[in-house]
2 protein chains.
Amino acid sequence: MKKMSLLGSTGSIGQSTLDVVRQNKDEFAVLAMSCGRNLDLFAKQIDEFKPQLASVQYAEDIPKLREKLNFEGEILYGEEGNLAVATHGETDYLLSAIVGAAGLAPTYAGILAKKTIGLANKETMVIAGELMNAAAQKNQVKILPVDSEHSAIFQCLNGEKKAEIRRMILTASGGPFLHKPLEEFSQITVEQALKHPNWSMGAKITIDSASLMNKGLELIEARWIFDMDPDKLDVIVHPQSIVHSMIEFVDGSVMAQLGIPDMRIPIAYAMSYPQRLPNTLPSLDLKKISRLDFLEPNENKFRCLSLAKQVMKDGGTYAAVLNAANEVVVENFLKKKINFHQIPIFIEEALEKHCSKQPKSLEDILVADQWARETVSSKIAA
Amino acid sequence: MKKMSLLGSTGSIGQSTLDVVRQNKDEFAVLAMSCGRNLDLFAKQIDEFKPQLASVQYAEDIPKLREKLNFEGEILYGEEGNLAVATHGETDYLLSAIVGAAGLAPTYAGILAKKTIGLANKETMVIAGELMNAAAQKNQVKILPVDSEHSAIFQCLNGEKKAEIRRMILTASGGPFLHKPLEEFSQITVEQALKHPNWSMGAKITIDSASLMNKGLELIEARWIFDMDPDKLDVIVHPQSIVHSMIEFVDGSVMAQLGIPDMRIPIAYAMSYPQRLPNTLPSLDLKKISRLDFLEPNENKFRCLSLAKQVMKDGGTYAAVLNAANEVVVENFLKKKINFHQIPIFIEEALEKHCSKQPKSLEDILVADQWARETVSSKIAA
C-alpha cells in the first residue's frame, strides 16, 4: 500500500486523485491532506479518507472545520501546514495539486524529504525546474508528471532512449476561441472563457487554456521535467483532445498516447507507475469519435504561447515573471477588471521590464515572482 | 556489424531492406540473398552488396544470372537454395521477405539455426504460428515483426506489461474500395484493385489489402506473434494509414505508433531493434495531413475479414486453408480468371469442406495447404 500526502485536495485534480484512491482502497491511503477554503468539501473528504493530518489556508478556518466534523487528527494552516503535509513522516508519496506558485515551497520540501512526487502543480517546474531537478537528483527522488500531456510524453518514453528523441510534440485543444477572429477577442466574456470544449478543470487553468498560456507553461514544464532542448519541443493544435501528446524519434517513428479526456487516467498512472491500474472508465472509442484534427497554432492570435516559447529559450528568472504576471492578469480577468485581449499585453510589458538573472536559489525565484506580481498589479490598478 | 541473410531480395520488402542496408553500411552486411525470377535486378543487387551466397528460384536461371555479372560466390536454386540462404553459417540475422507459404520452410530453418528473425513473410505466422513460437522459444530466437501494423504494436509494447493489455487494435486503410457499394464489386478490375491508396507494395498483398484479407491475415499473425487472446484483437479502418496500430491498456490509456507510410521505417526497426537508426526520410507532418479518420470495417462488404476472424478463433489447420485458398484465388483474379467478388466465395467453400485438426508438425500444415490449393484450383477450373 502506498501512503501518500495530497496538497490541494478540494481542487479539480485533488478530487480526481481522491476518486482514484476511492477506487483502489487496497493500493493507496491518504495520511495528510491540505485544501484552500472549500471547508464543506474538505470536511467530507476528511470524514471519508481519515487522514492523520489536515491543513487549511487560514487559521480562522480551523475552528470552523472542527465544527463540521468529528476529527481527532491535527489541523494546521497556511504555508507551514502545507509543508507539514508535504513532509509527513509516514508517507512516501506526495501528490502536489495546489494551483500556482504557492505549490513551489511545499513541493520542494517534499523532494528534500525524499517523497516520490506526483506533480500536477506545473508552476513548480515552470519557474524553478532547474533547481527542482537538481534537488530531485541529489535526493534520488522521482518526479512523475500528472498533466495529461506530460503523462502522455512520459508513457511514450517507456522503454525508449532519450538520445533517440527527435521532437516532443505537445497537443493543445486550442481552447474555446480557436476559430474566433482576433478582432473579437476584446469582447470575450469570463463566462465564454470558462467554457473549455473538452476538459473539466479549475478556473485558472481553464482561462490559461483559452489564452494558450497553459500550453506555453506546459512547454516550459516539459523542457525541465524531461530535461529537453527547447528546440526539440513543439506544439500542435488538436481540438478533440484525444491524442494527449507525442514523441517523434530519430527513425521517423512517432509514439502517441491517446485516451478519453479524463484526468483520472494520468493521475492514476502517476500514482501507480510503473503499474497500470484497471478502471471502469469507458474505453476510447475512435470509431465513434471518427475524426481527429491537427493544425498549426496561431501565435499571432494567441500571443501568450509565443511569449512562453521565448521565455523557454531565454531561461533565467523570466519564467517566474511570466508565470506570476499571468497569475495576476488571470485573477483580474476573472474579476472582470481587464479584458481577455489584454492578458498577453500586461505579461509582455512585465517581461520587457524584467532584469533576468540565473536563479541560484528559490529566493531568487520568489523575488522575481514578487516583483512581477507588484509590477503587474500596480499597472492594472493605474 | 550485423551479418544478415535476406530471403526475397527483389520484392518490395527486399528492395526496401537493401535500401536500409545501403543507408547504414557500417551497421549491416548481407552475406546471403535469394530472389524469384527478377534476374536483372538480382544481378545489380549482387553486384552492389557482394554476398557470399545467392539463390534463384529455378536451376535454369543460374547460367543466365552468371552471364549478367562477375560473381565468384555460390549460386543455388529452389527450396534448397532458400534453406542455404536462411541458415548461412556466418549470419546471425534472417530477414524473411518471400511472399506466401513458400516462406514457411526457410523461415523455420532460420529459427532452428538460431538466427534472429525479421519477419515480413506473414504467412509463416498465419499458418504455423504455434509451431514457430514453440521452435523460437526452444531455440531462444527473437521473431521481430516487419509488417507496419505489427511493428507498431511491438513498439507500443516497449516498456509495457503484456498482462496489462486490454485490446490490440490493428488499423486498416480500407483499401481502394472502402466506399464502393457491394453491388459494384463484381465489376472491379485488376487494375483498380492494384491501386492502393497509401502503400506501394507487391501485387499479392495489394489485392489482399483491397479485399481486406490482408487485415484478416494480420490479425492471425498478431494473435501468434504477440501470443494474444483472439478476443483482444480488433480492427479499425483508418484511411490515411498514419496510425499504424494501437494498444489499449487496462487503465484506458491507448499507445499508438504513427509515421509516414514508408516500409523502410518498420524494416529498419526490425533490423536495428532495440536501437532506432536515424534516417533522412521526411518527418510526419500532422499539421499538413490535418485530419485522421476512423471507422468500423464493413464485414458484410469485406467478407474475407470476417472469414479470417472466424479462422483465428477456430485454430487448427483452418488458417493454412484460408491462406492457401486465398493465394490461389488472388493468383486467378490477377490472371482475370475470376471476379473480385468471388474471392471470399471460393475461400469460404474451401473452409467449409475442410476437416481441421490440431497441427503437430509442418507436414500437417503443408498437407492442409496442398489440399486447399488443389480444391480451390479444381473448383475454379470447373
# chains A, B, ... in the order shown; residues from 1 in each chain; ligands from 1
call {"tool": "closest_atom_pairs", "arguments": {"of": "chain B", "to": "chain A", "cutoff": "9 Å", "atoms": "only C-alpha atoms", "output": "tab-separated table"}}
result
residue	atom	partner	partner_atom	distance
B:Ala152	CA	A:Met255	CA	8.9
B:Gln155	CA	A:Met255	CA	8.1
B:Cys156	CA	A:Met255	CA	7.5
B:Leu157	CA	A:Gly159	CA	8.5
B:Asn158	CA	A:Gly159	CA	4.9
B:Gly159	CA	A:Gly159	CA	4.1
B:Glu160	CA	A:Asn158	CA	7.2
B:Lys161	CA	A:Gln275	CA	8.3
B:Glu164	CA	A:Arg276	CA	6.8
B:Ile236	CA	A:Lys287	CA	7.3
B:Val237	CA	A:Lys287	CA	8.4
B:Glu248	CA	A:Ser283	CA	8.4
B:Phe249	CA	A:Arg276	CA	7.7
B:Val250	CA	A:Pro278	CA	4.7
B:Asp251	CA	A:Pro278	CA	4.6
B:Gly252	CA	A:Ser283	CA	5.8
B:Ser253	CA	A:Gly259	CA	5.3
B:Val254	CA	A:Leu258	CA	4.8
B:Met255	CA	A:Gln257	CA	4.6
B:Ala256	CA	A:Ala256	CA	5.1
B:Gln257	CA	A:Met255	CA	4.6
B:Leu258	CA	A:Val254	CA	4.8
B:Gly259	CA	A:Ser253	CA	5.3
B:Ile260	CA	A:Gly252	CA	7.8
B:Ile265	CA	A:Asp251	CA	6.6
B:Pro266	CA	A:Ser253	CA	8.5
B:Ala268	CA	A:Asp251	CA	8.3
B:Tyr269	CA	A:Asp251	CA	8.1
B:Pro274	CA	A:Glu160	CA	8.7
B:Gln275	CA	A:Lys161	CA	8.4
B:Arg276	CA	A:Asp251	CA	5.8
B:Leu277	CA	A:Asp251	CA	5.4
B:Pro278	CA	A:Asp251	CA	4.6
B:Asn279	CA	A:Asp251	CA	5.6
B:Thr280	CA	A:Asp251	CA	8.4
B:Leu281	CA	A:Gly252	CA	7.2
B:Pro282	CA	A:Gly252	CA	7.6
B:Ser283	CA	A:Gly252	CA	5.8
B:Leu284	CA	A:Gly252	CA	7.0
B:Leu286	CA	A:Phe294	CA	6.1
B:Lys287	CA	A:Leu295	CA	4.6
B:Lys288	CA	A:Leu295	CA	7.6
B:Ile289	CA	A:Phe294	CA	7.8
B:Ser290	CA	A:Phe294	CA	4.7
B:Arg291	CA	A:Asp293	CA	4.4
B:Leu292	CA	A:Leu292	CA	5.1
B:Asp293	CA	A:Arg291	CA	4.4
B:Phe294	CA	A:Ser290	CA	4.7
B:Leu295	CA	A:Lys287	CA	4.6
B:Glu296	CA	A:Lys287	CA	5.9
call {"tool": "calpha_fit_and_write", "arguments": {"fixed": "chain B", "moving": "chain A", "output": "compact mmCIF listing (two decimals) with C-alpha atoms, in the first residue's frame"}}
result
# COMPACT_ATOMS: atom_id res chain seq x y z
CA MET A 1 28.03 -5.03 -37.64
CA LYS A 2 25.01 -7.29 -38.16
CA LYS A 3 25.61 -10.03 -40.73
CA MET A 4 22.34 -10.97 -42.37
CA SER A 5 20.58 -13.25 -44.83
CA LEU A 6 17.77 -11.92 -46.99
CA LEU A 7 15.06 -14.13 -48.45
CA GLY A 8 13.19 -12.37 -51.27
CA SER A 9 15.60 -9.57 -52.15
CA THR A 10 13.91 -8.35 -55.35
CA GLY A 11 10.40 -7.96 -53.90
CA SER A 12 9.10 -4.73 -52.45
CA ILE A 13 10.25 -5.52 -48.89
CA GLY A 14 13.55 -6.95 -50.14
CA GLN A 15 14.35 -3.78 -52.09
CA SER A 16 13.46 -1.59 -49.12
CA THR A 17 15.57 -3.78 -46.86
CA LEU A 18 18.56 -3.32 -49.15
CA ASP A 19 17.92 0.42 -49.14
CA VAL A 20 18.15 0.38 -45.33
CA VAL A 21 21.43 -1.56 -45.63
CA ARG A 22 22.65 0.94 -48.24
CA GLN A 23 21.96 3.85 -45.86
CA ASN A 24 23.66 2.06 -42.95
CA LYS A 25 26.68 0.34 -44.42
CA ASP A 26 28.51 0.34 -41.10
CA GLU A 27 25.65 -1.47 -39.37
CA PHE A 28 24.68 -4.25 -41.77
CA ALA A 29 26.18 -6.63 -44.32
CA VAL A 30 24.15 -9.02 -46.48
CA LEU A 31 26.02 -12.32 -46.77
CA ALA A 32 23.32 -14.38 -48.46
CA MET A 33 20.30 -13.47 -50.56
CA SER A 34 17.62 -15.14 -52.61
CA CYS A 35 15.16 -13.98 -55.25
CA GLY A 36 12.45 -15.34 -57.54
CA ARG A 37 12.84 -14.61 -61.26
CA ASN A 38 13.78 -10.93 -61.46
CA LEU A 39 17.31 -11.71 -62.63
CA ASP A 40 18.20 -8.24 -63.90
CA LEU A 41 17.54 -6.60 -60.56
CA PHE A 42 19.09 -9.51 -58.66
CA ALA A 43 22.30 -9.17 -60.68
CA LYS A 44 22.52 -5.48 -59.78
CA GLN A 45 21.89 -6.26 -56.11
CA ILE A 46 24.59 -8.94 -56.05
CA ASP A 47 26.97 -6.53 -57.72
CA GLU A 48 26.26 -3.85 -55.11
CA PHE A 49 26.04 -5.91 -51.90
CA LYS A 50 28.50 -8.66 -52.79
CA PRO A 51 27.00 -11.57 -50.83
CA GLN A 52 28.86 -14.87 -50.45
CA LEU A 53 25.81 -16.86 -51.49
CA ALA A 54 22.91 -16.21 -53.85
CA SER A 55 19.89 -18.27 -54.78
CA VAL A 56 17.28 -18.14 -57.56
CA GLN A 57 13.99 -19.95 -57.93
CA TYR A 58 14.82 -22.16 -60.91
CA ALA A 59 17.97 -24.08 -61.88
CA GLU A 60 17.74 -22.83 -65.48
CA ASP A 61 18.22 -19.25 -64.26
CA ILE A 62 21.66 -19.90 -62.73
CA PRO A 63 23.63 -19.68 -66.03
CA LYS A 64 21.53 -16.68 -67.11
CA LEU A 65 22.42 -14.91 -63.88
CA ARG A 66 26.11 -15.82 -64.19
CA GLU A 67 26.11 -14.21 -67.64
CA LYS A 68 24.91 -10.92 -66.20
CA LEU A 69 27.70 -10.44 -63.70
CA ASN A 70 31.13 -11.22 -62.44
CA PHE A 71 30.36 -13.19 -59.29
CA GLU A 72 32.65 -15.69 -57.67
CA GLY A 73 30.23 -16.74 -54.94
CA GLU A 74 27.96 -19.76 -54.91
CA ILE A 75 24.59 -19.68 -56.68
CA LEU A 76 21.93 -22.20 -55.64
CA TYR A 77 18.26 -22.58 -56.55
CA GLY A 78 14.81 -23.55 -55.29
CA GLU A 79 13.89 -24.56 -51.79
CA GLU A 80 17.35 -25.95 -51.13
CA GLY A 81 18.80 -22.59 -52.10
CA ASN A 82 16.42 -20.71 -49.80
CA LEU A 83 17.29 -23.05 -46.94
CA ALA A 84 21.00 -22.46 -47.51
CA VAL A 85 20.46 -18.69 -47.53
CA ALA A 86 18.35 -18.86 -44.34
CA THR A 87 20.89 -20.96 -42.45
CA HIS A 88 24.12 -19.43 -43.80
CA GLY A 89 26.85 -20.22 -41.29
CA GLU A 90 28.18 -16.68 -40.85
CA THR A 91 24.94 -14.73 -40.44
CA ASP A 92 23.11 -14.08 -37.19
CA TYR A 93 20.01 -12.39 -38.65
CA LEU A 94 17.48 -13.55 -41.23
CA LEU A 95 15.11 -11.15 -42.92
CA SER A 96 12.36 -13.31 -44.36
CA ALA A 97 10.57 -11.44 -47.15
CA ILE A 98 9.39 -14.17 -49.49
CA VAL A 99 5.69 -13.81 -50.32
CA GLY A 100 3.31 -16.61 -49.37
CA ALA A 101 3.54 -20.06 -47.87
CA ALA A 102 6.84 -20.62 -49.71
CA GLY A 103 8.46 -18.67 -46.87
CA LEU A 104 7.50 -21.23 -44.26
CA ALA A 105 10.26 -23.83 -44.60
CA PRO A 106 13.25 -21.47 -44.89
CA THR A 107 11.98 -19.24 -42.04
CA TYR A 108 11.56 -22.31 -39.85
CA ALA A 109 15.07 -23.43 -40.80
CA GLY A 110 16.37 -19.99 -39.82
CA ILE A 111 14.77 -20.37 -36.38
CA LEU A 112 16.29 -23.82 -35.90
CA ALA A 113 19.67 -22.31 -36.93
CA LYS A 114 19.17 -19.76 -34.12
CA LYS A 115 19.05 -16.68 -36.37
CA THR A 116 17.17 -13.64 -35.11
CA ILE A 117 14.20 -13.38 -37.47
CA GLY A 118 12.94 -10.19 -39.08
CA LEU A 119 9.56 -11.44 -40.27
CA ALA A 120 7.91 -9.86 -43.31
CA ASN A 121 6.55 -13.20 -44.51
CA LYS A 122 3.33 -13.09 -42.50
CA GLU A 123 2.11 -16.45 -43.86
CA THR A 124 4.69 -18.19 -41.70
CA MET A 125 2.93 -17.01 -38.53
CA VAL A 126 -0.56 -17.20 -40.01
CA ILE A 127 -0.42 -20.86 -40.91
CA ALA A 128 2.14 -22.16 -38.43
CA GLY A 129 2.27 -19.61 -35.61
CA GLU A 130 2.07 -22.08 -32.78
CA LEU A 131 4.86 -24.27 -34.16
CA MET A 132 7.03 -21.25 -34.96
CA ASN A 133 6.59 -19.88 -31.45
CA ALA A 134 7.49 -23.23 -29.91
CA ALA A 135 10.60 -23.50 -32.08
CA ALA A 136 11.59 -19.90 -31.35
CA GLN A 137 11.20 -20.44 -27.63
CA LYS A 138 13.17 -23.68 -27.68
CA ASN A 139 15.99 -22.06 -29.67
CA GLN A 140 15.82 -18.77 -27.77
CA VAL A 141 15.23 -16.92 -31.00
CA LYS A 142 13.58 -13.49 -31.27
CA ILE A 143 10.96 -13.02 -34.02
CA LEU A 144 10.76 -9.31 -34.84
CA PRO A 145 7.79 -8.13 -36.92
CA VAL A 146 8.34 -6.16 -40.13
CA ASP A 147 4.71 -5.52 -41.12
CA SER A 148 3.96 -1.89 -40.27
CA GLU A 149 0.99 -2.86 -38.07
CA HIS A 150 2.89 -5.44 -36.07
CA SER A 151 5.91 -3.21 -35.81
CA ALA A 152 3.59 -0.55 -34.40
CA ILE A 153 2.16 -2.96 -31.82
CA PHE A 154 5.68 -4.14 -30.99
CA GLN A 155 6.78 -0.51 -30.43
CA CYS A 156 3.69 0.19 -28.31
CA LEU A 157 4.73 -2.75 -26.12
CA ASN A 158 8.10 -1.16 -25.34
CA GLY A 159 8.45 -1.00 -21.57
CA GLU A 160 4.87 -2.27 -21.04
CA LYS A 161 3.49 -5.41 -19.45
CA LYS A 162 1.57 -7.91 -21.56
CA ALA A 163 -0.76 -8.66 -18.66
CA GLU A 164 -1.91 -5.03 -18.72
CA ILE A 165 -3.15 -5.14 -22.33
CA ARG A 166 -6.90 -4.75 -22.77
CA ARG A 167 -7.00 -4.65 -26.59
CA MET A 168 -4.73 -4.65 -29.61
CA ILE A 169 -6.18 -2.52 -32.40
CA LEU A 170 -4.83 -3.04 -35.90
CA THR A 171 -5.51 -0.24 -38.34
CA ALA A 172 -6.61 -0.94 -41.91
CA SER A 173 -6.58 1.59 -44.74
CA GLY A 174 -9.81 0.07 -46.02
CA GLY A 175 -8.21 -0.24 -49.45
CA PRO A 176 -9.37 1.32 -52.72
CA PHE A 177 -12.97 0.03 -52.36
CA LEU A 178 -13.75 1.35 -48.89
CA HIS A 179 -16.60 3.48 -50.21
CA LYS A 180 -17.60 1.36 -53.24
CA PRO A 181 -21.05 -0.25 -52.90
CA LEU A 182 -21.07 -4.05 -52.67
CA GLU A 183 -23.29 -4.21 -55.79
CA GLU A 184 -20.37 -2.87 -57.86
CA PHE A 185 -17.78 -5.36 -56.55
CA SER A 186 -18.35 -7.76 -59.46
CA GLN A 187 -17.15 -5.08 -61.91
CA ILE A 188 -13.87 -4.36 -60.11
CA THR A 189 -10.92 -4.69 -62.49
CA VAL A 190 -7.42 -5.95 -61.67
CA GLU A 191 -6.05 -2.50 -62.45
CA GLN A 192 -8.43 -0.87 -59.93
CA ALA A 193 -7.58 -3.42 -57.26
CA LEU A 194 -3.86 -2.87 -57.76
CA LYS A 195 -4.17 0.84 -56.90
CA HIS A 196 -3.58 1.03 -53.14
CA PRO A 197 -4.36 4.49 -51.76
CA ASN A 198 -1.30 4.74 -49.45
CA TRP A 199 1.26 1.97 -49.68
CA SER A 200 3.40 0.88 -52.60
CA MET A 201 3.60 -2.92 -52.28
CA GLY A 202 3.73 -6.15 -54.30
CA ALA A 203 0.70 -7.36 -56.32
CA LYS A 204 -0.42 -10.17 -53.97
CA ILE A 205 -0.54 -8.03 -50.82
CA THR A 206 -2.13 -5.14 -52.71
CA ILE A 207 -5.05 -7.37 -53.76
CA ASP A 208 -5.24 -8.68 -50.19
CA SER A 209 -5.47 -5.08 -48.99
CA ALA A 210 -8.31 -4.41 -51.40
CA SER A 211 -10.27 -7.44 -50.14
CA LEU A 212 -9.25 -6.80 -46.49
CA MET A 213 -7.90 -10.36 -46.39
CA ASN A 214 -4.57 -8.73 -45.64
CA LYS A 215 -6.00 -7.37 -42.40
CA GLY A 216 -7.49 -10.75 -41.60
CA LEU A 217 -4.12 -12.44 -42.10
CA GLU A 218 -2.53 -9.74 -39.96
CA LEU A 219 -4.99 -10.42 -37.14
CA ILE A 220 -3.96 -14.09 -37.15
CA GLU A 221 -0.30 -13.06 -37.40
CA ALA A 222 -0.74 -10.76 -34.39
CA ARG A 223 -2.54 -13.50 -32.49
CA TRP A 224 0.62 -15.64 -32.69
CA ILE A 225 3.44 -13.11 -32.83
CA PHE A 226 2.19 -11.50 -29.61
CA ASP A 227 0.60 -14.70 -28.21
CA MET A 228 -2.64 -12.79 -27.72
CA ASP A 229 -6.16 -13.99 -26.95
CA PRO A 230 -8.21 -13.62 -30.20
CA ASP A 231 -10.91 -11.80 -28.22
CA LYS A 232 -8.46 -8.99 -27.51
CA LEU A 233 -7.69 -8.34 -31.19
CA ASP A 234 -9.64 -5.73 -33.06
CA VAL A 235 -9.53 -3.90 -36.42
CA ILE A 236 -10.36 -0.28 -37.13
CA VAL A 237 -10.43 1.34 -40.55
CA HIS A 238 -8.15 4.37 -40.82
CA PRO A 239 -7.97 5.52 -44.44
CA GLN A 240 -4.86 7.72 -44.09
CA SER A 241 -2.57 4.87 -42.87
CA ILE A 242 -0.78 7.23 -40.47
CA VAL A 243 -1.62 5.48 -37.20
CA HIS A 244 -0.07 2.08 -37.89
CA SER A 245 -1.71 0.31 -34.94
CA MET A 246 -2.50 0.73 -31.22
CA ILE A 247 -2.68 -1.00 -27.87
CA GLU A 248 -5.29 -0.15 -25.25
CA PHE A 249 -4.17 -0.91 -21.71
CA VAL A 250 -6.26 -1.80 -18.65
CA ASP A 251 -6.16 1.80 -17.42
CA GLY A 252 -7.79 3.10 -20.61
CA SER A 253 -4.54 4.54 -21.97
CA VAL A 254 -4.01 3.87 -25.66
CA MET A 255 -0.49 3.82 -27.07
CA ALA A 256 -0.17 4.30 -30.82
CA GLN A 257 2.67 4.34 -33.30
CA LEU A 258 2.38 6.80 -36.18
CA GLY A 259 4.53 7.53 -39.19
CA ILE A 260 4.60 8.26 -42.87
CA PRO A 261 3.64 5.16 -44.88
CA ASP A 262 7.16 4.03 -45.76
CA MET A 263 8.13 0.42 -45.10
CA ARG A 264 11.76 1.38 -44.54
CA ILE A 265 10.81 2.59 -41.05
CA PRO A 266 9.44 -0.74 -39.71
CA ILE A 267 12.06 -2.72 -41.68
CA ALA A 268 14.88 -0.69 -40.14
CA TYR A 269 13.33 -1.09 -36.68
CA ALA A 270 13.21 -4.88 -37.04
CA MET A 271 16.84 -4.81 -38.16
CA SER A 272 18.23 -2.43 -35.54
CA TYR A 273 15.99 -3.23 -32.54
CA PRO A 274 16.35 -2.23 -29.73
CA GLN A 275 18.15 0.74 -31.33
CA ARG A 276 16.45 3.25 -33.61
CA LEU A 277 18.51 4.31 -36.62
CA PRO A 278 18.38 7.92 -37.83
CA ASN A 279 17.27 8.33 -41.43
CA THR A 280 16.67 11.11 -43.90
CA LEU A 281 13.02 10.35 -44.63
CA PRO A 282 10.65 13.31 -44.28
CA SER A 283 9.13 13.78 -40.80
CA LEU A 284 5.48 13.01 -40.25
CA ASP A 285 3.71 16.36 -40.65
CA LEU A 286 0.34 16.07 -38.93
CA LYS A 287 -0.35 19.78 -39.50
CA LYS A 288 -0.18 19.17 -43.24
CA ILE A 289 -2.13 15.89 -43.11
CA SER A 290 -4.57 17.82 -40.90
CA ARG A 291 -7.08 15.03 -40.31
CA LEU A 292 -7.19 11.36 -39.36
CA ASP A 293 -10.38 9.32 -39.78
CA PHE A 294 -11.50 6.14 -38.10
CA LEU A 295 -14.44 3.91 -38.89
CA GLU A 296 -15.84 0.45 -38.37
CA PRO A 297 -14.83 -2.12 -41.01
CA ASN A 298 -17.79 -3.32 -43.05
CA GLU A 299 -17.52 -7.10 -42.78
CA ASN A 300 -20.62 -7.52 -44.88
CA LYS A 301 -18.77 -5.95 -47.81
CA PHE A 302 -15.37 -7.35 -46.93
CA ARG A 303 -16.22 -10.96 -46.12
CA CYS A 304 -12.55 -12.02 -46.18
CA LEU A 305 -12.07 -10.16 -42.89
CA SER A 306 -14.90 -12.00 -41.17
CA LEU A 307 -13.68 -15.37 -42.54
CA ALA A 308 -10.22 -14.66 -41.14
CA LYS A 309 -11.67 -13.66 -37.75
CA GLN A 310 -13.56 -16.95 -37.58
CA VAL A 311 -10.42 -18.87 -38.56
CA MET A 312 -8.44 -17.06 -35.86
CA LYS A 313 -10.95 -18.25 -33.27
CA ASP A 314 -11.27 -21.80 -34.62
CA GLY A 315 -7.52 -22.51 -34.85
CA GLY A 316 -6.29 -25.86 -36.19
CA THR A 317 -5.38 -26.14 -39.88
CA TYR A 318 -8.11 -23.68 -40.93
CA ALA A 319 -5.54 -20.88 -41.18
CA ALA A 320 -3.43 -22.92 -43.63
CA VAL A 321 -6.55 -23.47 -45.75
CA LEU A 322 -7.58 -19.80 -45.56
CA ASN A 323 -4.14 -18.69 -46.65
CA ALA A 324 -3.61 -21.27 -49.42
CA ALA A 325 -7.12 -20.80 -50.82
CA ASN A 326 -6.54 -17.05 -50.82
CA GLU A 327 -3.21 -17.40 -52.64
CA VAL A 328 -4.92 -19.44 -55.35
CA VAL A 329 -7.89 -17.11 -55.78
CA VAL A 330 -5.70 -13.99 -55.85
CA GLU A 331 -3.48 -15.58 -58.49
CA ASN A 332 -6.58 -16.38 -60.55
CA PHE A 333 -7.99 -12.90 -60.02
CA LEU A 334 -4.70 -11.39 -61.24
CA LYS A 335 -4.97 -13.66 -64.30
CA LYS A 336 -8.53 -12.37 -64.76
CA LYS A 337 -9.99 -15.87 -64.39
CA ILE A 338 -12.32 -14.94 -61.52
CA ASN A 339 -14.04 -11.76 -60.37
CA PHE A 340 -13.16 -9.72 -57.32
CA HIS A 341 -16.42 -10.52 -55.53
CA GLN A 342 -15.73 -14.26 -55.91
CA ILE A 343 -12.59 -14.12 -53.76
CA PRO A 344 -14.35 -14.79 -50.42
CA ILE A 345 -16.80 -17.23 -52.01
CA PHE A 346 -14.10 -19.70 -53.10
CA ILE A 347 -12.28 -19.35 -49.80
CA GLU A 348 -15.40 -19.93 -47.73
CA GLU A 349 -16.24 -23.04 -49.72
CA ALA A 350 -12.80 -24.48 -49.04
CA LEU A 351 -13.08 -23.70 -45.32
CA GLU A 352 -16.49 -25.35 -45.15
CA LYS A 353 -15.21 -28.51 -46.82
CA HIS A 354 -12.05 -28.68 -44.74
CA CYS A 355 -11.67 -31.16 -41.92
CA SER A 356 -9.42 -29.23 -39.50
CA LYS A 357 -7.06 -30.82 -37.01
CA GLN A 358 -4.57 -29.55 -34.47
CA PRO A 359 -1.28 -29.44 -36.44
CA LYS A 360 1.55 -31.37 -34.77
CA SER A 361 4.18 -30.71 -37.44
CA LEU A 362 4.90 -28.58 -40.50
CA GLU A 363 3.81 -31.58 -42.56
CA ASP A 364 0.27 -31.41 -41.14
CA ILE A 365 0.15 -27.78 -42.22
CA LEU A 366 1.60 -28.40 -45.65
CA VAL A 367 -0.91 -31.20 -46.24
CA ALA A 368 -3.80 -28.83 -45.44
CA ASP A 369 -2.18 -26.13 -47.60
CA GLN A 370 -1.83 -28.54 -50.53
CA TRP A 371 -5.39 -29.83 -50.12
CA ALA A 372 -6.75 -26.28 -50.21
CA ARG A 373 -4.74 -25.36 -53.32
CA GLU A 374 -5.98 -28.39 -55.21
CA THR A 375 -9.56 -28.00 -54.03
CA VAL A 376 -9.80 -24.32 -55.00
CA SER A 377 -7.87 -24.76 -58.27
CA SER A 378 -10.13 -27.53 -59.50
CA LYS A 379 -13.20 -25.58 -58.39
CA ILE A 380 -12.06 -22.55 -60.39
CA ALA A 381 -11.16 -24.72 -63.40
CA ALA A 382 -14.57 -26.39 -63.30
call {"tool": "select_by_dssp", "arguments": {"residues": "stretch 289-356 of chain A", "states": "helix (DSSP H, G or I)", "output": "number ranges by chain"}}
result
A: 289, 303-314, 318-334, 340-353
call {"tool": "select_by_dssp", "arguments": {"residues": "stretch 11-160 of chain A", "states": "strand (DSSP E)", "output": "number ranges by chain"}}
result
A: 28-34, 53-56, 74-77, 93-96, 116-119, 143-145
